[in-house]
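**Student:** Here it is, the structure in full.
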Amino acid sequence: MTFVNLNEQMAHLACTKAAAQGGYGVRQSNPPSFMELQTRNHYKAWDGTLTILITPSGSGSEITINYSIAKTDFKIGFMAVAEATGAASMAASWLKSLVSSVAAELEHEAKTRQPSTSSPTTQPHVGSSSTSIVEEIMKFKKLLDAGAITQEEFDLIKSRLLS
C-alpha cells in the first residue's frame, strides 16, 4: 500500500502515467478508484493482471496494487506457480515504485502551481503558462494514442488543464 498526498483523480492520473511508463496496458479503468493492468509477462499460472485500488484517506489517497495467481492447477506444477508468483510480485513492486515516483512529481507540480497573490489587474504571462498547458495536453494525447488512457480520461484531464 502506498499513501500519496493527492486526491483520487490525481492519484488515478499518477497510476495511469506510471502504467504508461512501465509499458503496462490498461485493460479496464473506472476512474477514480480502480484500474486493471495487463503486463507483458505471461506464465501458465499467472495471466499478467495487476489491479490498482485507490481509496481516499485523510488528506490524500491510498493506492493498493494487487495480483493473483489465476491457475493453481496441480498439472501446472509447483515451479510454474512459484515462477508466476515471483514475476507477479516483481511486476507489482516495479509498478509501485513507478506510481510513487510519478505521484511525487505530481505533488511537486501541484505545490509549484499555487495561485499567486498578484492583484486582479495584473495580467498573467500568457506565453509560458499556455505553452506548458499545451505540452501537458500533448503528453496525455500520446498516452491516449498509446492506449494507456481512455478517451474519457483524456477529455477529463484536458478540461481540467484548460480550466
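Naming works like this for the C-alpha cells: A, B, ... for the chains as they're shown, residue 1 at the start of each chain, ligands 1 onward in shown order.
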Apply DSSP to the backbone of this structure and, from chain A, keep only the residues in strand (DSSP E); write these as a ChimeraX atom specification.
**Tutor:** /A:2-4,25-30,34-38,49-57,60-67
**Student:** From the options A:Ala80, A:Ala20, A:Cys15, A:Val26, which residue's atoms come nearest to Thr150 in chain A, counting only C-alpha atoms?
**Tutor:**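 That would be A:Val26, the residue with the smallest distance to Thr150 in chain A.
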**Student:** Could you list, as a CSV table (one decimal) with C-alpha atoms, in the first residue's frame, every residue within 8 Å of Ala11 in chain A, counting only C-alpha atoms and ignoring same-chain residues fewer than 2 positions away?
**Tutor:**
chain,number,residue,atom,x,y,z
A,4,VAL,CA,0.1,9.8,-1.6
A,6,LEU,CA,-3.1,13.5,-4.0
A,7,ASN,CA,-6.9,13.4,-4.3
A,8,GLU,CA,-8.4,10.4,-6.0
A,9,GLN,CA,-8.4,11.9,-9.5
A,13,LEU,CA,-3.7,10.1,-13.1
A,14,ALA,CA,-0.4,9.1,-11.4
A,15,CYS,CA,-1.3,5.4,-11.8
A,32,PRO,CA,-11.0,7.5,-10.0
A,54,ILE,CA,-7.4,4.0,-5.0
A,61,SER,CA,-5.2,8.7,-1.2
A,63,ILE,CA,-3.0,3.2,-3.6
A,103,ALA,CA,2.9,10.8,-7.6
**Student:** At a cut-off of 12 Å, using only C-alpha atoms, what residues contact Arg160 in chain A? Leave out same-chain residues fewer than 6 positions from it and give the result as an NGL selection string.
**Tutor:** :A and (9-10 or 13 or 133 or 136-137 or 153-154)
**Student:** From the list A:Val102, A:Leu144, A:Met138, A:Ser93, which residue is nearest Ile65 in chain A when using only C-alpha atoms?
**Tutor:**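 For Ile65 in chain A, the nearest of the candidates is A:Ser93.
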**Student:** Would you work out the distance separating CA of Ala19 in chain A from CA of Leu95 in chain A, expressed in Å to one decimal?
**Tutor:**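 Between these atoms lies a distance of 7.1 Å.
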**Student:** List the spatial neighbours of Lys96 in chain A as a PyMOL selection string - criterion: any atom at most 9 Å away, only C-alpha atoms, same-chain residues fewer than 2 positions off excluded.
**Tutor:** chain A and resi 1-2+15+18+63-65+91-94+98-101
**Student:** Limited to C-alpha atoms, could you put the picked residues into a file as a compact mmCIF listing (two decimals), in the first residue's frame?
**Tutor:**
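New file selection19.txt:
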# COMPACT_ATOMS: atom_id res chain seq x y z
CA MET A 1 0.00 0.00 0.00
CA THR A 2 1.25 3.46 -0.91
CA CYS A 15 -1.29 5.39 -11.78
CA ALA A 18 3.08 5.03 -14.23
CA ILE A 63 -3.01 3.15 -3.58
CA THR A 64 -3.08 -0.64 -3.31
CA ILE A 65 -1.58 -2.79 -6.06
CA ALA A 91 5.71 -6.51 -11.59
CA ALA A 92 3.66 -5.18 -8.66
CA SER A 93 6.79 -3.86 -6.89
CA TRP A 94 8.05 -2.14 -10.03
CA LEU A 98 6.75 3.99 -10.69
CA VAL A 99 3.50 5.17 -9.06
CA SER A 100 5.43 6.61 -6.11
CA SER A 101 7.79 8.46 -8.46
**Student:** Neighbouring residues of Asn5 in chain A were defined as those with any atom within 8 Å, considering only C-alpha atoms; residues of the same chain fewer than 5 positions away were excluded. Please report them as a tab-separated table (two decimals) with C-alpha atoms, in the first residue's frame.
**Tutor:**
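Contents of out_22.tsv, freshly written:
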chain	number	residue	atom	x	y	z
A	59	SER	CA	-5.53	14.42	3.11
A	60	GLY	CA	-4.65	12.11	0.24
A	61	SER	CA	-5.20	8.65	-1.19
A	107	GLU	CA	2.65	16.56	-5.82
**Student:** Quick one: distance from CA of Trp46 in chain A to CA of Ala84 in chain A in Å, one decimal?
**Tutor:**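 It comes out at 5.5 Å.
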**Student:** Which of these residues is nearest to Pro56 in chain A, using only C-alpha atoms: A:Phe3, A:Ala148, A:Thr85, A:Thr112?
**Tutor:**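 Checking each candidate against Pro56 in chain A, we get A:Phe3 as the closest.
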**Student:** I need the residues in chain A that are helix (DSSP H, G or I) according to DSSP; give them as a PyMOL selection string.
**Tutor:** chain A and resi 8-22+78-112+126-146+151-162
**Student:** For Ser68 in chain A, which of A:Ala82, A:Leu37, A:Ala110, A:Ala88 is the closest residue, counting only C-alpha atoms?
**Tutor:**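 Among the listed residues, the smallest separation from Ser68 in chain A belongs to A:Ala88.
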**Student:** Can you tell me how far CA of Glu105 in chain A sits from CA of Thr51 in chain A, in Å to one decimal?
**Tutor:**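 Value for the CA of Glu105 in chain A-CA of Thr51 in chain A distance: 22.2 Å.
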